[in-house]
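Colleague: The following block contains the structure, expressed as structure tokens.
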Amino acid sequence: MNEEFLTKLKGHYLHQFGHDLLVTELPFQFLKSIFKVDPHVQRELDPRRRNLIKEYILNTVHEHTFYFSPFVYSARGCIEIVGDHWEIKPGSKLAILEGQHRSAALISALRHLEIKKEALEEMPSSNHHEITQIEAAINKLESFPITMQIYLNLTTQEERQLFTDINTERKNAHRGLIMKYEQREEYVLLARHIAAKLQTQLDIETTLSRLTVHNTAITSLVVMRRCLLALFEGVLTHKEGSPKLKYCESEEMESISYKFFKGWTELFPIQGGNREKYVCGLSGIQIALAYTVYQLVSIHGFPYLQAIDELKKLKANTSWRHDDPLFSLFYDRRKKRLSNHSTQRSILKLTDEFLTCLANRGVKSNER
């Protein structure tokens, strides 16, 4: 703890926005003991946000590098220059203005790994390889370099204003941009790979996160990723991390995914991306089709490729137009189009409609 030790910092002295600023870097294991959270300046910790960042860290730390933007602090008079370095006096704490949730997530991730390591060590037949992996991850997080921006002379009011400005003006990268450049998540990489293979057969939007009625692309990378989650895991909400497969092997994912999206070229009308005319370009419809395949596999016992073939039977049973009887539950007569089709409840209802339609066309359960 910083109660007994003098912390020395090397860094760059700057003048920014009319204030003195020190820019430096510390391994997280040293940083976590020299700052505090002031509730009069900071918002209350959001456990859900902390846990999301924690899961991101745990899913990444073993195999990849992850990146954090600089943490921002206020010195509150506890830093002074001594010769060629800066010193934080014993017992003094910096006030954190930006990075509270990332700090809490790092602490939580370290605690999780330490508990897991201890549990493995107490087992009669310890997995030494896994223990070594966990130790490497712990060392990686403890030595994780945190870039720090420390404002040296802010008033409490200026601290509040800086916190407000950072969290009001900051714009997170939209999902479409993340889908375009993410290099770690398997579902993102798979969606991009399949889109590249189908680029001459399907018009797929690779940048935008949301498609309007004026966009003629049949789907987007963002929606494809959601389809893959529904297809392989039956997940209709947000999920990050590695795939958790029950009904196929990881090496089968590419061929299954390719067949599912390639099947749209036969299942949908030629102008399927015309959202004013057809519903097959709507995210709720596409995710429901993927979830229908998952239901055929998980409940009715179909192999994936056969389940995808079953979708072809829908072609004779729907025009894919907004006013088609198959979509009557979601048809807005005033707007003359489907509405509220992409909520989890709507996707479940659409899946039921598809399964009922297929049952009427002679779909029967297979034995595994």
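Ordering of the structure tokens sets the chain letters (A, B, ...), residue numbers begin anew at 1 in every chain, and ligands are numbered from 1 in the order given.
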Give me, as a tab-separated table, each residue of stretch 121-226 of chain A that comes within 9 Å of stretch 286-298 of chain A, together with its shortest interatomic pair and the distance in Å at one decimal, counting only C-alpha atoms, with rows ordered by chain and rising residue number.

Modeller:
residue	atom	partner	partner_atom	distance
A:Thr219	CA	A:Gln286	CA	8.5
A:Val223	CA	A:Ile287	CA	7.6
A:Met224	CA	A:Ile287	CA	8.2
A:Arg226	CA	A:Ile287	CA	6.6

Colleague: From a DSSP calculation on the backbone, collect every residue of stretch 104-201 of chain A in strand (DSSP E or B) and output the set as a PDB file with C-alpha atoms, in the first residue's frame.

Modeller:
ATOM      1  CA  PRO A 145       1.154  -0.792 -18.358  1.00  0.00           C
ATOM      2  CA  ILE A 146      -1.325   1.971 -17.571  1.00  0.00           C
ATOM      3  CA  THR A 147      -0.745   5.340 -19.209  1.00  0.00           C
ATOM      4  CA  MET A 148      -1.683   8.074 -16.737  1.00  0.00           C
ATOM      5  CA  GLN A 149      -2.652  11.694 -17.295  1.00  0.00           C
ATOM      6  CA  ILE A 150      -2.367  13.437 -13.928  1.00  0.00           C
ATOM      7  CA  TYR A 151      -3.725  16.984 -13.642  1.00  0.00           C
TER       8      TYR A 151
END

Colleague: Between A:His85, A:Arg192, A:Lys277, A:Lys32, which one has atoms that come closest to A:Ser319, using only C-alpha atoms?

Modeller: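 The answer is A:Lys277, which sits nearest to A:Ser319.
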
Colleague: Give me the residues near A:Ile138 as JSON, numbers by chain, where near means some atom within 8 Å (using only C-alpha atoms) and where sequence neighbours in that chain fewer than 4 positions away do not count.

Modeller: {"A": [110, 113, 114, 134, 142]}

Colleague: Mind listing the helix (DSSP H, G or I) residues of stretch 150-314 of chain A, per DSSP on the backbone, as an NGL selection string?

Modeller: :A and (156-169 or 175-181 or 186-197 or 221-233 or 250-262 or 264-267 or 283-298 or 304-314)

Colleague: For A:His101, which of A:Arg361, A:Arg275, A:His40, A:Lys54 is the closest residue, counting only C-alpha atoms?

Modeller: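 Closest residue, counting only C-alpha atoms: A:Lys54.
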
Colleague: Could you list, with a cut-off of 10 Å and counting only C-alpha atoms, the residues of stretch 171-280 of chain A near stretch 321-324 of chain A, each shown with its nearest atom pair and the distance in Å rounded to one decimal, rows sorted by chain and ascending number, as JSON lines?

Modeller:
{"residue": "A:Pro269", "atom": "CA", "partner": "A:Arg321", "partner_atom": "CA", "distance": 9.7}
{"residue": "A:Gly272", "atom": "CA", "partner": "A:Arg321", "partner_atom": "CA", "distance": 9.5}
{"residue": "A:Arg275", "atom": "CA", "partner": "A:His322", "partner_atom": "CA", "distance": 9.0}
{"residue": "A:Glu276", "atom": "CA", "partner": "A:His322", "partner_atom": "CA", "distance": 8.2}
{"residue": "A:Lys277", "atom": "CA", "partner": "A:Arg321", "partner_atom": "CA", "distance": 6.1}
{"residue": "A:Tyr278", "atom": "CA", "partner": "A:Arg321", "partner_atom": "CA", "distance": 4.5}
{"residue": "A:Val279", "atom": "CA", "partner": "A:His322", "partner_atom": "CA", "distance": 5.7}
{"residue": "A:Cys280", "atom": "CA", "partner": "A:Arg321", "partner_atom": "CA", "distance": 8.2}

Colleague: Taking only C-alpha atoms into account, name the residue in A:Arg43, A:Lys140, A:Arg50, A:Lys36 that is nearest to A:Arg102.

Modeller: A:Arg50

Colleague: Skip A:Gln100 itself and residues of its chain fewer than 5 positions away, then list as a ChimeraX atom specification all residues within 10 Å of it, counting only C-alpha atoms.

Modeller: /A:35-37,42-46,50,71-72,95,105

Colleague: Please dump the current selection as a PDB file, in the first residue's frame; keep C-alpha atoms.

Modeller:
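Resulting contents of out-v1.pdb:
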ATOM      1  CA  PHE A  35      -5.584   6.238  -6.176  1.00  0.00           C
ATOM      2  CA  LYS A  36      -9.017   6.611  -4.656  1.00  0.00           C
ATOM      3  CA  VAL A  37     -12.558   7.182  -5.904  1.00  0.00           C
ATOM      4  CA  GLN A  42     -17.187  10.209  -9.693  1.00  0.00           C
ATOM      5  CA  ARG A  43     -20.401   8.357 -10.444  1.00  0.00           C
ATOM      6  CA  GLU A  44     -21.304   5.183  -8.541  1.00  0.00           C
ATOM      7  CA  LEU A  45     -19.591   2.027  -9.813  1.00  0.00           C
ATOM      8  CA  ASP A  46     -21.790   0.095 -12.254  1.00  0.00           C
ATOM      9  CA  ARG A  50     -17.266  -3.624 -14.567  1.00  0.00           C
ATOM     10  CA  PHE A  71      -6.513   6.802 -17.179  1.00  0.00           C
ATOM     11  CA  VAL A  72      -7.075  10.353 -15.920  1.00  0.00           C
ATOM     12  CA  ALA A  95      -8.347  10.991  -7.350  1.00  0.00           C
ATOM     13  CA  ALA A 105     -12.400  -4.797 -13.756  1.00  0.00           C
TER      14      ALA A 105
END

Colleague: I'd like the neighbourhood of A:Pro303 as a count of residues only, where a residue qualifies if any of its atoms comes within 12 Å (using only C-alpha atoms), though same-chain residues fewer than 4 positions away should be ignored.

Modeller: 22

Colleague: Mind pulling up the distance from atom CA of A:Lys116 to atom CA of A:Ser242?

Modeller: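 Between these atoms lies a distance of 19.1 Å.
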
Colleague: Using only C-alpha atoms for the distances, tell me which of A:Thr351, A:Thr265, A:Asn139, A:Ser125 is nearest to A:Thr200.

Modeller: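 Closest residue, counting only C-alpha atoms: A:Thr265.
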
Colleague: Please provide the set of residues having any atom within 12 Å of A:His193, restricted to only C-alpha atoms, with same-chain residues fewer than 2 positions apart removed, written as a ChimeraX atom specification.

Modeller: /A:179-180,183,186-191,195-199,204,206,221,224-225,253-255,257-258,261

Colleague: For those residues, write N, CA and C atoms to a file as an mmCIF file, in the first residue's frame.

Modeller:
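The resulting out15.cif:
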data_model
loop_
_atom_site.group_PDB
_atom_site.id
_atom_site.type_symbol
_atom_site.label_atom_id
_atom_site.label_comp_id
_atom_site.auth_asym_id
_atom_site.auth_seq_id
_atom_site.Cartn_x
_atom_site.Cartn_y
_atom_site.Cartn_z
ATOM 1 N N MET A 179 -16.796 -4.303 -36.104
ATOM 2 C CA MET A 179 -16.879 -5.504 -36.938
ATOM 3 C C MET A 179 -15.866 -5.463 -38.069
ATOM 4 N N LYS A 180 -15.538 -4.295 -38.535
ATOM 5 C CA LYS A 180 -14.624 -4.162 -39.666
ATOM 6 C C LYS A 180 -13.173 -4.389 -39.264
ATOM 7 N N GLN A 183 -9.865 -8.023 -34.455
ATOM 8 C CA GLN A 183 -8.974 -9.108 -34.887
ATOM 9 C C GLN A 183 -8.948 -10.290 -33.921
ATOM 10 N N GLU A 186 -13.957 -14.544 -32.418
ATOM 11 C CA GLU A 186 -14.146 -15.565 -33.457
ATOM 12 C C GLU A 186 -15.396 -15.321 -34.293
ATOM 13 N N TYR A 187 -16.483 -14.886 -33.679
ATOM 14 C CA TYR A 187 -17.707 -14.646 -34.448
ATOM 15 C C TYR A 187 -17.523 -13.484 -35.426
ATOM 16 N N VAL A 188 -16.783 -12.467 -35.014
ATOM 17 C CA VAL A 188 -16.510 -11.333 -35.904
ATOM 18 C C VAL A 188 -15.662 -11.791 -37.082
ATOM 19 N N LEU A 189 -14.607 -12.527 -36.798
ATOM 20 C CA LEU A 189 -13.726 -13.025 -37.861
ATOM 21 C C LEU A 189 -14.479 -13.947 -38.811
ATOM 22 N N LEU A 190 -15.356 -14.792 -38.258
ATOM 23 C CA LEU A 190 -16.126 -15.709 -39.094
ATOM 24 C C LEU A 190 -17.100 -14.944 -39.989
ATOM 25 N N ALA A 191 -17.774 -13.943 -39.433
ATOM 26 C CA ALA A 191 -18.719 -13.143 -40.225
ATOM 27 C C ALA A 191 -18.001 -12.454 -41.381
ATOM 28 N N ALA A 195 -18.599 -13.253 -45.351
ATOM 29 C CA ALA A 195 -18.994 -12.123 -46.198
ATOM 30 C C ALA A 195 -18.058 -11.990 -47.392
ATOM 31 N N ALA A 196 -16.759 -12.191 -47.163
ATOM 32 C CA ALA A 196 -15.786 -12.100 -48.261
ATOM 33 C C ALA A 196 -16.015 -13.206 -49.287
ATOM 34 N N LYS A 197 -16.355 -14.403 -48.819
ATOM 35 C CA LYS A 197 -16.587 -15.520 -49.731
ATOM 36 C C LYS A 197 -17.859 -15.327 -50.559
ATOM 37 N N LEU A 198 -18.821 -14.570 -50.004
ATOM 38 C CA LEU A 198 -20.108 -14.390 -50.675
ATOM 39 C C LEU A 198 -20.253 -13.022 -51.336
ATOM 40 N N GLN A 199 -19.150 -12.275 -51.449
ATOM 41 C CA GLN A 199 -19.257 -10.892 -51.917
ATOM 42 C C GLN A 199 -19.815 -10.771 -53.337
ATOM 43 N N ILE A 204 -23.511 -7.271 -49.019
ATOM 44 C CA ILE A 204 -23.382 -7.217 -47.563
ATOM 45 C C ILE A 204 -22.702 -5.910 -47.156
ATOM 46 N N THR A 206 -20.496 -3.691 -44.946
ATOM 47 C CA THR A 206 -19.361 -4.039 -44.092
ATOM 48 C C THR A 206 -18.952 -2.936 -43.124
ATOM 49 N N LEU A 221 -22.496 -6.936 -41.488
ATOM 50 C CA LEU A 221 -21.645 -7.773 -40.643
ATOM 51 C C LEU A 221 -22.189 -7.850 -39.219
ATOM 52 N N MET A 224 -25.001 -10.293 -39.294
ATOM 53 C CA MET A 224 -24.452 -11.635 -39.517
ATOM 54 C C MET A 224 -23.896 -12.215 -38.222
ATOM 55 N N ARG A 225 -23.218 -11.382 -37.445
ATOM 56 C CA ARG A 225 -22.695 -11.867 -36.170
ATOM 57 C C ARG A 225 -23.833 -12.297 -35.252
ATOM 58 N N MET A 253 -17.821 -24.965 -38.159
ATOM 59 C CA MET A 253 -18.531 -23.689 -38.127
ATOM 60 C C MET A 253 -18.506 -22.973 -39.479
ATOM 61 N N GLU A 254 -17.378 -22.986 -40.150
ATOM 62 C CA GLU A 254 -17.287 -22.264 -41.420
ATOM 63 C C GLU A 254 -18.221 -22.850 -42.470
ATOM 64 N N SER A 255 -18.223 -24.166 -42.633
ATOM 65 C CA SER A 255 -19.072 -24.777 -43.663
ATOM 66 C C SER A 255 -20.555 -24.598 -43.341
ATOM 67 N N SER A 257 -21.863 -22.081 -41.531
ATOM 68 C CA SER A 257 -22.168 -20.655 -41.718
ATOM 69 C C SER A 257 -22.295 -20.323 -43.196
ATOM 70 N N TYR A 258 -21.374 -20.818 -43.982
ATOM 71 C CA TYR A 258 -21.407 -20.541 -45.422
ATOM 72 C C TYR A 258 -22.692 -21.068 -46.032
ATOM 73 N N PHE A 261 -25.820 -18.733 -44.966
ATOM 74 C CA PHE A 261 -25.940 -17.449 -45.670
ATOM 75 C C PHE A 261 -26.035 -17.643 -47.181
#

Colleague: Rounded to one decimal in Å, what is the spacing between atom CA of A:Thr7 and atom CA of A:Glu87?

Modeller: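 Between these atoms lies a distance of 5.6 Å.
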